[in-house]
file run.txt (compact mmCIF, C-alpha atoms)
# COMPACT_ATOMS: atom_id res chain seq x y z
CA MET N 86 172.41 167.37 90.74
CA ARG N 87 174.95 165.87 88.37
CA PRO N 88 178.25 167.78 88.18
CA ARG N 89 179.17 169.31 84.85
CA PHE N 90 182.73 169.11 83.59
CA ALA N 91 184.34 170.21 80.40
CA SER N 92 185.06 167.19 78.31
CA GLY N 93 188.67 166.46 77.70
CA ARG N 94 191.27 163.79 77.53
CA HIS N 95 191.30 163.22 81.30
CA PRO N 96 187.96 164.18 82.81
CA PRO N 97 187.71 164.19 86.62
CA SER N 98 186.75 160.97 88.35
CA PHE N 99 184.72 160.23 91.47
CA HIS N 100 186.32 158.38 94.37
CA TYR N 101 185.51 157.44 97.91
CA LEU N 102 187.42 156.32 100.95
CA THR N 103 186.08 154.51 104.01
CA LEU N 104 187.51 155.28 107.45
CA SER N 105 186.68 153.60 110.75
CA VAL N 106 186.93 155.11 114.21
CA ALA N 107 186.23 153.77 117.68
CA TYR N 108 182.83 153.95 119.33
CA GLY N 109 182.69 156.97 121.62
CA THR N 110 184.31 159.22 119.01
CA ASP N 111 182.47 162.47 118.23
CA PRO N 112 181.16 162.09 114.64
CA ALA N 113 181.13 165.87 114.11
CA LYS N 114 184.84 166.05 115.01
CA VAL N 115 185.68 163.27 112.53
CA ARG N 116 183.76 165.02 109.73
CA GLU N 117 185.40 168.36 110.61
CA LEU N 118 188.90 166.86 110.41
CA ILE N 119 188.30 164.92 107.21
CA LEU N 120 186.61 167.80 105.38
CA GLY N 121 189.32 170.19 106.58
CA TYR N 122 191.84 167.85 105.00
CA THR N 123 189.96 167.44 101.70
CA ASP N 124 189.20 171.18 101.47
CA ASN N 125 192.90 171.98 101.73
CA HIS N 126 194.24 169.19 99.52
CA PRO N 127 195.53 170.69 96.25
CA LYS N 128 194.56 167.70 94.08
CA ILE N 129 191.03 167.16 95.40
CA LEU N 130 188.58 169.20 93.37
CA LYS N 131 186.47 171.82 95.14
CA ASP N 132 183.54 171.56 92.72
CA PRO N 133 181.69 169.40 93.35
CA ALA N 134 182.63 169.71 96.98
CA PRO N 135 183.86 166.65 98.88
CA PHE N 136 181.52 165.33 101.51
CA CYS N 137 181.79 163.00 104.45
CA THR N 138 179.09 161.08 106.27
CA MET N 139 178.79 158.35 108.87
CA SER N 140 177.97 155.28 106.82
CA ALA N 141 177.67 152.46 109.35
CA MET N 142 177.80 151.38 112.96
CA SER N 143 179.82 148.21 112.58
CA GLN N 144 180.65 145.58 115.19
CA SER N 145 183.70 147.38 116.51
CA SER N 146 183.74 150.75 114.74
CA ILE N 147 181.85 153.73 113.44
CA ASP N 148 182.48 153.94 109.70
CA PHE N 149 182.67 157.12 107.65
CA ILE N 150 182.75 157.46 103.90
CA VAL N 151 184.43 160.39 102.16
CA HIS N 152 183.35 161.22 98.60
CA PHE N 153 185.57 163.38 96.40
CA TRP N 154 186.54 164.17 92.83
CA MET N 155 190.02 164.43 91.33
CA LYS N 156 191.74 164.28 88.00
CA LYS N 157 192.38 160.72 86.87
CA GLU N 158 196.09 161.34 86.41
CA ASP N 159 196.38 162.37 90.10
CA TYR N 160 194.65 159.27 91.44
CA TRP N 161 197.44 156.95 92.63
CA ASP N 162 199.71 159.54 94.22
CA THR N 163 196.77 161.20 95.93
CA TRP N 164 195.17 157.92 97.02
CA PHE N 165 198.28 156.62 98.75
CA ALA N 166 199.11 160.00 100.32
CA MET N 167 195.55 160.31 101.66
CA GLN N 168 195.79 156.97 103.43
CA GLU N 169 198.83 158.02 105.43
CA ASP N 170 197.77 161.64 105.88
CA LEU N 171 194.35 160.74 107.28
CA TYR N 172 195.83 158.05 109.53
CA ASN N 173 198.24 160.63 110.95
CA LEU N 174 195.52 163.28 111.23
CA LEU N 175 193.26 161.01 113.26
CA ASN N 176 196.15 159.93 115.50
CA GLU N 177 197.29 163.52 116.07
CA ASN N 178 193.77 164.36 117.23
CA HIS N 179 193.61 161.37 119.58
CA ILE N 180 190.94 159.59 117.55
CA GLU N 181 191.27 155.87 117.99
CA ILE N 182 191.34 153.69 114.90
CA PRO N 183 189.94 150.32 115.94
CA PHE N 184 191.22 146.96 114.87
CA ARG N 185 189.52 143.60 114.93
CA GLN N 186 190.01 141.67 118.11
CA LEU N 187 188.40 138.77 119.88
CA ASP N 188 188.14 138.43 123.62
CA VAL N 189 188.16 134.85 124.82
CA HIS N 190 186.76 134.09 128.27
CA ILE N 191 187.78 130.79 129.83
CA LYS N 192 185.17 129.33 132.09
CA ASN N 193 186.43 127.14 134.92
CA ASP N 194 183.92 124.55 136.08

call {"tool": "encode", "arguments": {"input": "run.txt", "output": "C-alpha cells"}}
result
Amino acid sequence: MRPRFASGRHPPSFHYLTLSVAYGTDPAKVRELILGYTDNHPKILKDPAPFCTMSAMSQSSIDFIVHFWMKKEDYWDTWFAMQEDLYNLLNENHIEIPFRQLDVHIKND
C-alpha cells in the first residue's frame, strides 16, 4: 500500500539505513532495539511505520536495513544523530559491530 500524505512545500521523504552486526547475534533482539529507537524518535514519522529486516548474510556480518519516513527538513540532523545513537545503542546492549579483517596464516615448510 502506498502511503498518503497531504501535499505541501516539504512532503515527507523515505530513507533507509543499513546496520551490520556480528554473526551469532540474535536477529530478533537487533530488530527490537532498532524499532524501539525509531518508534521513540520524535522526528521519525509513525505513519507509515518504520520497519527493520535482516537484509543479508555477508562475509563477516549480518546486515539489517531500517526503512523510515521523515520530513525533508529534518533529514541531516536526524541522519547524523541516528548514526551515533544506534552505534551507542548496539554497544550498550553488547551487540558486536564487526569490521573487516583478514587473517593471514604463514605456512612453514

call {"tool": "closest_residue", "arguments": {"input": "run.txt", "among": "N:Phe99, N:His126, N:Ser145, N:Ala113", "to": "Arg185 of chain N", "atoms": "only C-alpha atoms"}}
result
N:Ser145

call {"tool": "residues_around", "arguments": {"input": "run.txt", "residues": "Thr103 of chain N", "least_positions_apart": "4", "cutoff": "10 Å", "atoms": "only C-alpha atoms", "output": "PyMOL selection string"}}
result
chain N and resi 137-140+148-152

call {"tool": "closest_residue", "arguments": {"input": "run.txt", "among": "N:Ile119, N:Leu187, N:Ala134, N:Leu102", "to": "Leu171 of chain N", "atoms": "all atoms listed in the file"}}
result
N:Ile119

call {"tool": "residues_around", "arguments": {"input": "run.txt", "residues": "Lys131 of chain N", "least_positions_apart": "5", "cutoff": "9 Å", "atoms": "only C-alpha atoms", "output": "ChimeraX atom specification"}}
result
/N:123-124,153-154

call {"tool": "atom_distance", "arguments": {"input": "run.txt", "atom1": "atom CA of Asn125 of chain N", "atom2": "atom CA of Thr110 of chain N"}}
result
23.1 Å

call {"tool": "closest_residue", "arguments": {"input": "run.txt", "among": "N:Asn178, N:Asn173, N:Gln186, N:Ser98", "to": "Pro133 of chain N", "atoms": "all atoms listed in the file"}}
result
N:Ser98

call {"tool": "atom_distance", "arguments": {"input": "run.txt", "atom1": "atom CA of Ile182 of chain N", "atom2": "atom CA of Asp132 of chain N"}}
result
29.5 Å

call {"tool": "closest_residue", "arguments": {"input": "run.txt", "among": "N:Asp111, N:Asp159, N:Phe165, N:Lys128", "to": "His179 of chain N", "atoms": "all atoms listed in the file"}}
result
N:Asp111

call {"tool": "atom_distance", "arguments": {"input": "run.txt", "atom1": "atom CA of Met155 of chain N", "atom2": "atom CA of Leu120 of chain N"}}
result
14.8 Å

call {"tool": "closest_residue", "arguments": {"input": "run.txt", "among": "N:Val115, N:Val106, N:Leu130, N:Val189", "to": "Ser146 of chain N", "atoms": "all atoms listed in the file"}}
result
N:Val106

call {"tool": "closest_residue", "arguments": {"input": "run.txt", "among": "N:Ile180, N:Ile191, N:Met167, N:Leu175", "to": "Ala107 of chain N", "atoms": "all atoms listed in the file"}}
result
N:Ile180

call {"tool": "axis_aligned_box", "arguments": {"input": "run.txt", "around": "segment 111-126 of chain N", "padding_each_side": "8 Å", "output": "AutoDock Vina command-line options"}}
result
--center_x 187.7 --center_y 167.0 --center_z 108.9 --size_x 29.1 --size_y 25.9 --size_z 34.7
